[in-house]
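**Q** I'm passing along data23.cif; it holds mmCIF, C-alpha atoms.
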```cif
data_data
loop_
_atom_site.label_atom_id
_atom_site.label_comp_id
_atom_site.auth_asym_id
_atom_site.auth_seq_id
_atom_site.Cartn_x
_atom_site.Cartn_y
_atom_site.Cartn_z
CA MET A 1 -7.20 178.68 -17.25
CA SER A 2 -8.93 179.89 -20.42
CA GLU A 3 -9.87 183.53 -20.65
CA TRP A 4 -12.89 185.15 -22.24
CA SER A 5 -13.64 188.65 -23.51
CA PHE A 6 -16.90 190.58 -23.30
CA GLN A 7 -17.64 191.49 -26.92
CA LYS A 8 -20.00 194.04 -28.45
CA GLY A 9 -23.57 192.86 -28.74
CA MET A 10 -23.56 190.94 -25.49
CA SER A 11 -26.26 191.94 -23.02
CA VAL A 12 -25.07 193.22 -19.65
CA GLN A 13 -27.64 191.44 -17.48
CA PRO A 14 -26.86 187.89 -18.73
CA PHE A 15 -23.15 188.65 -18.53
CA VAL A 16 -23.28 189.65 -14.84
CA HIS A 17 -25.42 186.58 -14.12
CA SER A 18 -22.95 184.27 -15.87
CA LEU A 19 -20.04 185.94 -14.07
CA LEU A 20 -21.59 185.21 -10.67
CA ALA A 21 -22.51 181.69 -11.75
CA GLN A 22 -18.94 180.98 -12.85
CA ALA A 23 -17.54 182.42 -9.61
CA ALA A 24 -19.90 180.26 -7.54
CA GLU A 25 -19.04 177.16 -9.56
CA MET A 26 -15.30 177.75 -9.09
CA GLY A 27 -15.63 178.45 -5.37
CA ALA A 28 -14.41 182.05 -5.60
CA SER A 29 -14.62 184.23 -2.50
CA ASP A 30 -14.24 187.56 -4.36
CA ILE A 31 -14.63 189.04 -7.83
CA HIS A 32 -12.38 191.98 -8.80
CA ILE A 33 -13.43 194.13 -11.77
CA GLU A 34 -10.61 196.64 -12.26
CA PRO A 35 -9.96 199.15 -15.06
CA LEU A 36 -6.49 199.09 -16.64
CA ASP A 37 -4.99 201.32 -19.34
CA ARG A 38 -6.34 199.36 -22.34
CA ASN A 39 -9.08 197.13 -20.93
CA VAL A 40 -10.84 195.98 -17.76
CA ARG A 41 -9.39 192.99 -15.94
CA VAL A 42 -11.67 190.50 -14.17
CA ARG A 43 -10.12 188.31 -11.46
CA PHE A 44 -11.47 185.70 -9.06
CA ARG A 45 -9.94 185.04 -5.64
CA ILE A 46 -9.86 181.27 -5.26
CA ASP A 47 -8.37 179.67 -2.15
CA GLY A 48 -6.89 183.05 -1.24
CA ILE A 49 -5.12 183.61 -4.58
CA LEU A 50 -6.25 186.11 -7.26
CA GLN A 51 -6.54 184.57 -10.75
CA THR A 52 -7.26 186.45 -13.97
CA ILE A 53 -10.26 184.90 -15.74
CA GLY A 54 -10.91 187.43 -18.51
CA HIS A 55 -11.00 191.00 -19.78
CA LEU A 56 -13.69 193.50 -20.78
CA GLU A 57 -13.47 196.29 -23.28
CA THR A 58 -13.20 199.62 -21.46
CA THR A 59 -16.54 200.81 -22.84
CA PHE A 60 -18.35 198.02 -21.00
CA LEU A 61 -17.16 199.01 -17.54
CA SER A 62 -19.88 201.61 -17.08
CA PRO A 63 -22.88 199.37 -18.00
CA VAL A 64 -21.51 196.47 -15.94
CA SER A 65 -21.00 198.81 -12.99
CA ALA A 66 -24.53 200.20 -13.38
CA ARG A 67 -26.05 196.71 -13.50
CA ILE A 68 -24.25 195.63 -10.33
CA LYS A 69 -25.29 198.85 -8.57
CA VAL A 70 -28.94 198.34 -9.53
CA MET A 71 -28.82 194.79 -8.14
CA SER A 72 -27.27 196.12 -4.92
CA HIS A 73 -29.58 199.12 -4.44
CA MET A 74 -26.79 201.65 -4.95
CA ASP A 75 -26.83 205.08 -6.62
CA ILE A 76 -25.82 204.46 -10.24
CA ALA A 77 -25.15 208.18 -10.79
CA ASN A 78 -22.49 208.31 -8.08
CA THR A 79 -19.12 207.37 -9.58
CA ARG A 80 -16.88 209.77 -7.66
CA LEU A 81 -17.27 208.43 -4.14
CA PRO A 82 -16.68 204.97 -2.63
CA MET A 83 -19.93 203.07 -2.04
CA ASP A 84 -21.06 199.82 -0.45
CA GLY A 85 -24.06 197.67 -1.26
CA ARG A 86 -25.48 194.19 -0.90
CA CYS A 87 -27.68 191.78 -2.82
CA VAL A 88 -28.74 188.15 -2.82
CA TRP A 89 -28.09 186.33 -6.10
CA LYS A 90 -29.85 183.08 -6.97
CA GLY A 91 -28.58 180.78 -9.70
CA LYS A 92 -29.60 177.33 -10.87
CA ASN A 93 -27.35 175.51 -8.41
CA HIS A 94 -26.13 178.25 -6.08
CA MET A 95 -27.31 181.15 -3.94
CA LEU A 96 -24.87 183.89 -2.92
CA ASP A 97 -24.97 186.74 -0.45
CA VAL A 98 -23.01 189.39 -2.37
CA ARG A 99 -21.30 192.39 -0.73
CA VAL A 100 -20.39 195.07 -3.26
CA SER A 101 -17.71 197.74 -2.86
CA THR A 102 -16.90 200.42 -5.46
CA MET A 103 -13.85 202.66 -5.45
CA PRO A 104 -13.09 205.52 -7.90
CA THR A 105 -9.66 205.27 -9.55
CA VAL A 106 -7.85 207.37 -12.16
CA ARG A 107 -9.02 204.86 -14.83
CA GLY A 108 -12.60 204.46 -13.64
CA GLU A 109 -14.46 202.61 -10.91
CA LYS A 110 -13.01 199.44 -9.45
CA ILE A 111 -15.69 197.01 -8.27
CA VAL A 112 -15.14 194.21 -5.78
CA LEU A 113 -17.83 191.65 -5.00
CA ARG A 114 -17.36 189.50 -1.89
CA LEU A 115 -19.29 186.26 -2.13
CA PHE A 116 -20.79 184.29 0.75
CA ALA A 117 -22.35 180.96 -0.18
CA ASP A 118 -25.25 179.61 1.84
CA HIS A 119 -23.79 176.10 1.71
CA GLN A 120 -20.45 177.04 3.26
CA PRO A 121 -19.48 174.40 5.87
CA PHE A 122 -19.12 175.58 9.45
CA HIS A 123 -18.07 172.32 11.06
CA LEU A 124 -14.95 172.54 13.21
CA ASP A 125 -13.83 169.05 12.20
CA GLU A 126 -13.77 170.13 8.55
CA LEU A 127 -12.02 173.43 9.19
CA ILE A 128 -9.27 172.28 11.57
CA PRO A 129 -7.71 168.87 10.82
CA TYR A 130 -5.39 168.89 13.88
CA GLU A 131 -7.31 167.28 16.74
CA PRO A 132 -5.40 168.85 19.69
CA SER A 133 -6.34 172.32 18.38
CA ARG A 134 -10.00 171.36 18.14
CA GLN A 135 -10.04 169.78 21.61
CA LEU A 136 -8.50 172.80 23.30
CA LEU A 137 -10.80 175.23 21.43
CA ARG A 138 -13.85 173.28 22.58
CA ARG A 139 -12.58 173.13 26.15
CA ILE A 140 -12.13 176.91 26.26
CA VAL A 141 -15.44 177.98 24.69
CA ARG A 142 -17.53 175.56 26.75
CA GLY A 143 -16.55 177.34 29.96
CA SER A 144 -19.19 179.22 31.93
CA GLN A 145 -17.77 182.69 31.25
CA GLY A 146 -14.81 184.61 29.87
CA LEU A 147 -13.50 186.45 26.82
CA PHE A 148 -12.23 184.32 23.93
CA LEU A 149 -10.43 186.05 21.05
CA ILE A 150 -9.37 184.74 17.62
CA CYS A 151 -6.60 186.63 15.86
CA GLY A 152 -4.88 186.49 12.51
CA PRO A 153 -4.51 188.59 9.34
CA THR A 154 -7.42 189.67 7.15
CA GLY A 155 -8.80 186.72 5.21
CA SER A 156 -7.47 184.08 7.59
CA GLY A 157 -10.92 182.66 8.34
CA LYS A 158 -11.44 184.08 11.83
CA THR A 159 -15.17 184.64 11.39
CA THR A 160 -15.70 181.19 9.87
CA THR A 161 -14.00 179.49 12.83
CA LEU A 162 -15.97 181.66 15.24
CA TYR A 163 -19.25 180.61 13.67
CA ALA A 164 -18.21 176.96 13.63
CA LEU A 165 -17.73 177.18 17.40
CA LEU A 166 -21.06 178.95 17.85
CA ARG A 167 -22.82 176.29 15.83
CA GLU A 168 -21.56 173.64 18.24
CA LEU A 169 -22.68 175.66 21.26
CA ASP A 170 -26.10 176.60 19.90
CA SER A 171 -29.10 175.04 21.64
CA PRO A 172 -32.68 176.02 22.61
CA GLU A 173 -31.42 176.77 26.14
CA ILE A 174 -28.81 179.34 25.04
CA SER A 175 -29.26 182.90 23.76
CA ILE A 176 -26.58 183.96 21.24
CA ALA A 177 -26.38 187.62 20.21
CA THR A 178 -23.93 189.13 17.73
CA LEU A 179 -22.88 192.68 16.82
CA GLU A 180 -20.97 192.83 13.54
CA ASP A 181 -19.83 195.20 10.81
CA PRO A 182 -21.11 193.78 8.55
CA VAL A 183 -23.00 190.58 9.37
CA GLU A 184 -21.04 188.19 7.16
CA LEU A 185 -22.85 184.90 7.77
CA ARG A 186 -26.56 184.76 8.54
CA VAL A 187 -27.51 181.93 10.90
CA ASN A 188 -31.08 181.13 11.86
CA GLY A 189 -31.46 181.14 15.64
CA PHE A 190 -28.83 183.80 16.36
CA CYS A 191 -29.82 187.37 17.20
CA GLN A 192 -27.56 189.14 14.68
CA SER A 193 -27.24 192.95 14.64
CA GLN A 194 -25.27 195.11 12.26
CA ILE A 195 -23.40 198.32 13.02
CA HIS A 196 -24.91 201.41 11.45
CA GLU A 197 -22.78 204.40 12.37
CA LYS A 198 -24.88 206.93 10.42
CA GLY A 199 -28.03 205.64 12.06
CA GLY A 200 -26.50 205.91 15.52
CA LEU A 201 -25.75 202.24 16.15
CA ALA A 202 -22.04 202.19 16.98
CA PHE A 203 -20.16 199.32 18.63
CA GLN A 204 -20.20 200.93 22.08
CA ASN A 205 -23.92 201.71 22.41
CA GLY A 206 -24.82 198.55 20.49
CA LEU A 207 -22.89 196.42 22.99
CA ARG A 208 -24.55 198.09 25.96
CA ALA A 209 -27.97 197.52 24.39
CA LEU A 210 -27.23 193.86 23.66
CA LEU A 211 -26.16 193.25 27.26
CA ARG A 212 -29.67 194.31 28.28
CA GLN A 213 -31.05 191.58 25.99
CA ASP A 214 -29.98 188.84 28.42
CA PRO A 215 -27.53 186.94 26.14
CA ASP A 216 -25.64 183.87 27.32
CA ILE A 217 -23.07 184.29 24.54
CA LEU A 218 -22.15 187.69 23.11
CA VAL A 219 -20.26 187.89 19.82
CA ILE A 220 -18.48 191.10 18.82
CA GLY A 221 -17.30 191.24 15.22
CA GLU A 222 -13.98 192.83 16.12
CA ILE A 223 -12.28 194.51 19.09
CA ARG A 224 -11.30 197.85 17.56
CA ASP A 225 -10.61 200.21 20.42
CA ALA A 226 -10.17 200.50 24.17
CA GLN A 227 -13.79 201.35 24.86
CA THR A 228 -15.12 198.30 23.02
CA ALA A 229 -12.48 196.12 24.70
CA GLY A 230 -13.43 197.50 28.12
CA ILE A 231 -17.11 196.67 27.65
CA ALA A 232 -16.19 193.17 26.44
CA LEU A 233 -14.01 192.59 29.51
CA GLN A 234 -16.72 193.77 31.89
CA ALA A 235 -19.28 191.52 30.20
CA ALA A 236 -16.92 188.55 30.52
CA LEU A 237 -16.35 189.30 34.21
CA THR A 238 -20.08 189.48 34.93
CA GLY A 239 -20.99 185.98 33.79
CA HIS A 240 -21.12 186.13 29.99
CA ARG A 241 -19.21 184.21 27.39
CA VAL A 242 -17.84 186.81 24.97
CA PHE A 243 -16.28 185.92 21.60
CA SER A 244 -14.53 188.32 19.26
CA THR A 245 -11.62 188.79 16.83
CA LEU A 246 -8.48 190.88 17.03
CA HIS A 247 -5.70 191.74 14.60
CA THR A 248 -2.49 190.35 16.11
CA ALA A 249 0.14 187.95 14.75
CA ARG A 250 0.24 185.35 17.54
CA ALA A 251 -2.17 184.20 20.21
CA VAL A 252 0.07 185.44 23.04
CA ASP A 253 0.01 188.90 21.46
CA VAL A 254 -3.66 189.24 22.47
CA PRO A 255 -3.08 190.25 26.13
CA LEU A 256 -0.23 192.53 25.05
CA ARG A 257 -2.55 194.30 22.63
CA LEU A 258 -5.25 194.72 25.28
CA LEU A 259 -2.69 196.13 27.73
CA ASP A 260 -1.47 198.54 25.04
CA MET A 261 -5.05 199.80 24.80
CA GLY A 262 -4.76 200.92 28.42
CA LEU A 263 -6.74 198.13 30.10
CA GLU A 264 -5.77 197.05 33.60
CA PRO A 265 -3.60 193.91 33.79
CA PHE A 266 -5.70 192.25 36.52
CA LEU A 267 -8.89 192.76 34.45
CA VAL A 268 -7.29 191.29 31.33
CA ALA A 269 -5.90 188.34 33.29
CA GLU A 270 -9.23 187.56 34.96
CA ALA A 271 -11.45 188.09 31.90
CA LEU A 272 -9.49 186.19 29.23
CA SER A 273 -10.47 182.54 28.92
CA GLY A 274 -8.28 181.87 25.91
CA MET A 275 -7.06 183.02 22.51
CA ALA A 276 -6.29 181.52 19.13
CA SER A 277 -4.27 182.54 16.08
CA GLN A 278 -4.85 181.02 12.68
CA ARG A 279 -3.82 180.88 9.03
CA LEU A 280 -5.52 179.29 6.04
CA ALA A 281 -3.35 176.87 4.07
CA ARG A 282 -4.19 175.29 0.73
CA TYR A 283 -4.46 171.51 0.47
CA ARG A 284 -1.79 170.06 -1.79
CA THR A 285 -3.16 167.80 -4.58
CA GLU A 286 -1.59 166.01 -7.54
CA ASP A 287 -2.83 168.54 -10.14
CA GLY A 288 -2.39 171.77 -8.16
CA TYR A 289 -3.65 173.22 -4.85
CA ARG A 290 -7.37 172.87 -4.11
CA GLY A 291 -9.40 173.83 -1.01
CA ARG A 292 -8.13 175.20 2.28
CA PHE A 293 -7.83 174.18 5.91
CA CYS A 294 -7.03 176.03 9.12
CA LEU A 295 -3.75 175.96 11.03
CA CYS A 296 -4.89 177.00 14.48
CA GLU A 297 -2.68 177.91 17.44
CA VAL A 298 -4.66 177.80 20.69
CA VAL A 299 -3.66 179.21 24.09
CA ARG A 300 -5.70 178.64 27.25
CA SER A 301 -5.57 181.35 29.89
CA GLY A 302 -4.45 179.07 32.70
CA PRO A 303 -2.69 179.89 36.00
CA SER A 304 0.72 180.57 34.42
CA MET A 305 -0.70 182.84 31.72
CA ARG A 306 -2.87 184.81 34.16
CA GLN A 307 0.11 185.39 36.44
CA ALA A 308 2.31 186.50 33.53
CA VAL A 309 -0.35 188.95 32.28
CA GLN A 310 -0.80 190.44 35.74
CA LYS A 311 2.95 191.06 35.89
CA ARG A 312 2.95 192.64 32.40
CA GLU A 313 5.54 190.12 31.22
CA GLU A 314 7.11 190.45 27.77
CA ARG A 315 6.21 188.23 24.83
CA LYS A 316 8.87 185.59 25.45
CA LYS A 317 7.66 185.10 29.03
CA LEU A 318 4.06 184.84 27.82
CA LEU A 319 5.09 182.10 25.38
CA GLU A 320 6.73 180.21 28.24
CA ALA A 321 3.61 180.65 30.36
CA ALA A 322 1.44 179.40 27.50
CA SER A 323 3.63 176.33 27.17
CA LYS A 324 3.19 175.58 30.91
CA ASP A 325 -0.58 175.87 30.41
CA LYS A 326 -0.39 173.21 27.62
CA ALA A 327 -0.95 175.48 24.62
CA VAL A 328 -1.06 174.14 21.07
CA PHE A 329 1.49 176.25 19.17
CA MET A 330 1.55 177.02 15.46
CA ASN A 331 4.77 175.09 14.79
CA GLU A 332 3.07 171.96 16.15
CA CYS A 333 0.13 172.47 13.76
CA ILE A 334 2.54 173.00 10.85
CA ARG A 335 4.51 169.84 11.63
CA HIS A 336 1.28 167.84 11.66
CA ALA A 337 0.14 169.29 8.31
CA LEU A 338 3.49 168.46 6.67
CA ARG A 339 3.70 165.02 8.25
CA GLU A 340 0.21 164.12 7.01
CA GLN A 341 1.02 165.66 3.59
CA LEU A 342 -1.95 168.00 3.78
CA THR A 343 0.20 170.73 2.23
CA ASP A 344 3.85 171.49 1.46
CA GLU A 345 6.61 173.77 2.73
CA LYS A 346 6.16 176.23 -0.14
CA GLU A 347 2.57 176.89 0.95
CA ILE A 348 3.57 177.18 4.62
CA HIS A 349 6.20 179.81 3.76
CA ARG A 350 3.60 181.69 1.70
CA ILE A 351 1.16 182.10 4.56
CA TYR A 352 3.32 182.09 7.68
CA GLU A 353 6.69 183.48 8.63
CA GLU A 354 8.03 181.55 11.61
CA GLU A 355 9.38 183.72 14.39
CA GLY A 356 12.53 183.17 16.43
CA ASP A 357 10.90 183.32 19.87
CA ASP A 358 8.77 180.19 19.43
CA VAL A 359 8.81 177.79 22.35
CA ASP A 360 9.76 174.28 21.26
CA CYS A 361 6.76 171.99 21.55
#
```
Hey, can you dump this file as structure tokens for me?

**A**
Amino acid sequence: MSEWSFQKGMSVQPFVHSLLAQAAEMGASDIHIEPLDRNVRVRFRIDGILQTIGHLETTFLSPVSARIKVMSHMDIANTRLPMDGRCVWKGKNHMLDVRVSTMPTVRGEKIVLRLFADHQPFHLDELIPYEPSRQLLRRIVRGSQGLFLICGPTGSGKTTTLYALLRELDSPEISIATLEDPVELRVNGFCQSQIHEKGGLAFQNGLRALLRQDPDILVIGEIRDAQTAGIALQAALTGHRVFSTLHTARAVDVPLRLLDMGLEPFLVAEALSGMASQRLARYRTEDGYRGRFCLCEVVRSGPSMRQAVQKREERKKLLEAASKDKAVFMNECIRHALREQLTDEKEIHRIYEEEGDDVDC
């Protein structure tokens, strides 16, 4: 990939515009502008991998930072504290919702721009190529009530999958309300609220307020603590469909994590409708990797799983229970992806470390 340098005489405003245009054209999800000892490195994250696309002279960091802060309604004089901002950028062929984060370092401010494109696809069939995963996901979320959780590492596409499911469920007869931090994807027809801790809108009081708004489906950006988890469980037990995300490695780790938070086993067993764990893998092409798809492990909370959770069984027993309830495990998804030549073993090893307690499926 050819690199460029920002030379003297170039105007800052056109440069920032061209940087965003290039990122949008290349399908980048993030832009990293980071000061080094002798220059400023600019990298794009494309399909989950950071790639260096050019360098700036150190003297241009300050004006570039100031321009981005002005666009994002941030304090340009504040360079000693971390800050967050947001703007909408419109180009000739693209429109981006841009989230800006600045962080002071010993060499100057590092700036990261997270890019959300309005045209991003949210269709489950495009995201998850393995049909059994899609079928079981749809079966779980179309139930009348219950808590459904998607887990996986940061950047594994949890929110995108969640919104793909919501898009399928959306109709004039259903009220969908979300509480997020931040709202990553704006969807017309959803009641989307954003956490504002300084303004007094925290997850706990925001959830209680949303429950008074008569939602059919309640979406919580992330289960972060026992109090939030408790409210989500109670909402699921009182007739709501509740969707959220959680940071665990495997789907069967979800009930274990909730129990570790101090929640009662019988509540967890009754409230959980299902859980999924996912990773994003790059498609393998003739001239290099391009585009990504989702490997999605899906576990339904059936009779065996509910009984195992109530008994506080260990992970191995939960895997066995999930198998009895006809779960779709990650190794099954991986075998399909390799068999269909969607990707290769090198990519699988990069994104997923197989664990010894898998149940053979």

**Q** For each of A:Val328, A:Leu295, A:Leu267, A:Ala229, take the minimum atom-to-atom distance to Gln310 of chain A, counting only C-alpha atoms, then give the residue where this is smallest.

**A**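 Nearest to Gln310 of chain A: A:Leu267.
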
**Q** Expanded to explicit residues, what is the PyMOL selection byres ((chain A and resi 194) around 6) for this file, as a tab-separated table (two decimals) with C-alpha atoms, in the coordinates of the input?

**A**
```
chain	number	residue	atom	x	y	z
A	179	LEU	CA	-22.88	192.68	16.82
A	180	GLU	CA	-20.97	192.83	13.54
A	181	ASP	CA	-19.83	195.20	10.81
A	182	PRO	CA	-21.11	193.78	8.55
A	183	VAL	CA	-23.00	190.58	9.37
A	193	SER	CA	-27.24	192.95	14.64
A	195	ILE	CA	-23.40	198.32	13.02
```

**Q** Suppose a student applies the PyMOL selection byres ((chain A and resi 88) around 10) to this structure; what residues should they get, written as a compact mmCIF listing (two decimals) with C-alpha atoms, in the coordinates of the input?

**A**
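Result file follows (result20.txt):
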```txt
# COMPACT_ATOMS: atom_id res chain seq x y z
CA MET A 71 -28.82 194.79 -8.14
CA SER A 72 -27.27 196.12 -4.92
CA ARG A 86 -25.48 194.19 -0.90
CA CYS A 87 -27.68 191.78 -2.82
CA TRP A 89 -28.09 186.33 -6.10
CA LYS A 90 -29.85 183.08 -6.97
CA MET A 95 -27.31 181.15 -3.94
CA LEU A 96 -24.87 183.89 -2.92
CA ASP A 97 -24.97 186.74 -0.45
CA VAL A 98 -23.01 189.39 -2.37
CA ARG A 99 -21.30 192.39 -0.73
CA LEU A 115 -19.29 186.26 -2.13
CA PHE A 116 -20.79 184.29 0.75
CA ALA A 117 -22.35 180.96 -0.18
```

**Q** Translate the PyMOL selection byres ((chain A and resi 163) around 12) into a concrete residue list for this structure, as JSON, numbers by chain.

**A** {"A": [120, 121, 122, 123, 124, 127, 141, 150, 157, 158, 159, 160, 161, 162, 164, 165, 166, 167, 168, 169, 170, 176, 177, 178, 183, 184, 185, 186, 187, 188, 190, 192, 219, 220, 221, 243, 244, 245]}

**Q** Which residue, A:Ala232, A:Ile217, A:Ala66, A:Ile351, has the smallest gap to Gln13 of chain A when you use all atoms listed in the file?

**A** A:Ala66

**Q** So what do you get for atom CA of Gln227 of chain A versus atom CA of Gly206 of chain A, distance-wise?

**A**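 Computed distance, atom CA of Gln227 of chain A to atom CA of Gly206 of chain A, equals 12.2 Å.
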
**Q** Give as a VMD selection string each residue that has an atom at most 9 Å from (-11.6, 197.0, -14.9) in the file, counting all atoms listed in the file.

**A** chain A and resid 32 to 36 39 to 42 55 to 58 61 107 to 111

**Q** Mind checking which residues fall within 8 Å of Asp125 of chain A, counting all atoms listed in the file, ignoring those fewer than 3 positions away in the same chain, and posting them as number ranges by chain?

**A** A: 128-129, 134

**Q** Taking 5 positions as the minimum chain separation for residues in the same chain, which residues sit within 9 Å of Gln204 of chain A when counting all atoms listed in the file? Answer as JSON, numbers by chain.

**A** {"A": [209, 227, 228, 231]}

**Q** Show which residues sit within 10 Å of Gln213 of chain A, as a PyMOL selection string. Count only C-alpha atoms, and ignore same-chain residues fewer than 3 positions away.

**A** chain A and resi 175+177+191+207-210+216

**Q** One decimal, in Å: what's the spacing between atom CA of Arg300 of chain A and atom CA of Leu137 of chain A?

**A**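 Atom-to-atom, atom CA of Arg300 of chain A and atom CA of Leu137 of chain A are spaced 8.5 Å apart.
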
**Q** Quick one: distance from atom CA of Arg241 of chain A to atom CA of Gly262 of chain A in Å, one decimal?

**A**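 One can read the atom CA of Arg241 of chain A to atom CA of Gly262 of chain A distance as 22.1 Å.
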
**Q** Please list, as a PyMOL selection string, the residues that have an atom at most 9 Å away from (-5.2, 172.6, 6.0) in the coordinates of this file, counting all atoms listed in the file.

**A** chain A and resi 127-130+279-284+291-295+337+342-343

**Q** When you count all atoms listed in the file, which of these residues is closest to Val100 of chain A: A:Leu319, A:Val70, A:Leu50, A:Met330?

**A**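 Among the listed residues, the smallest separation from Val100 of chain A belongs to A:Val70.
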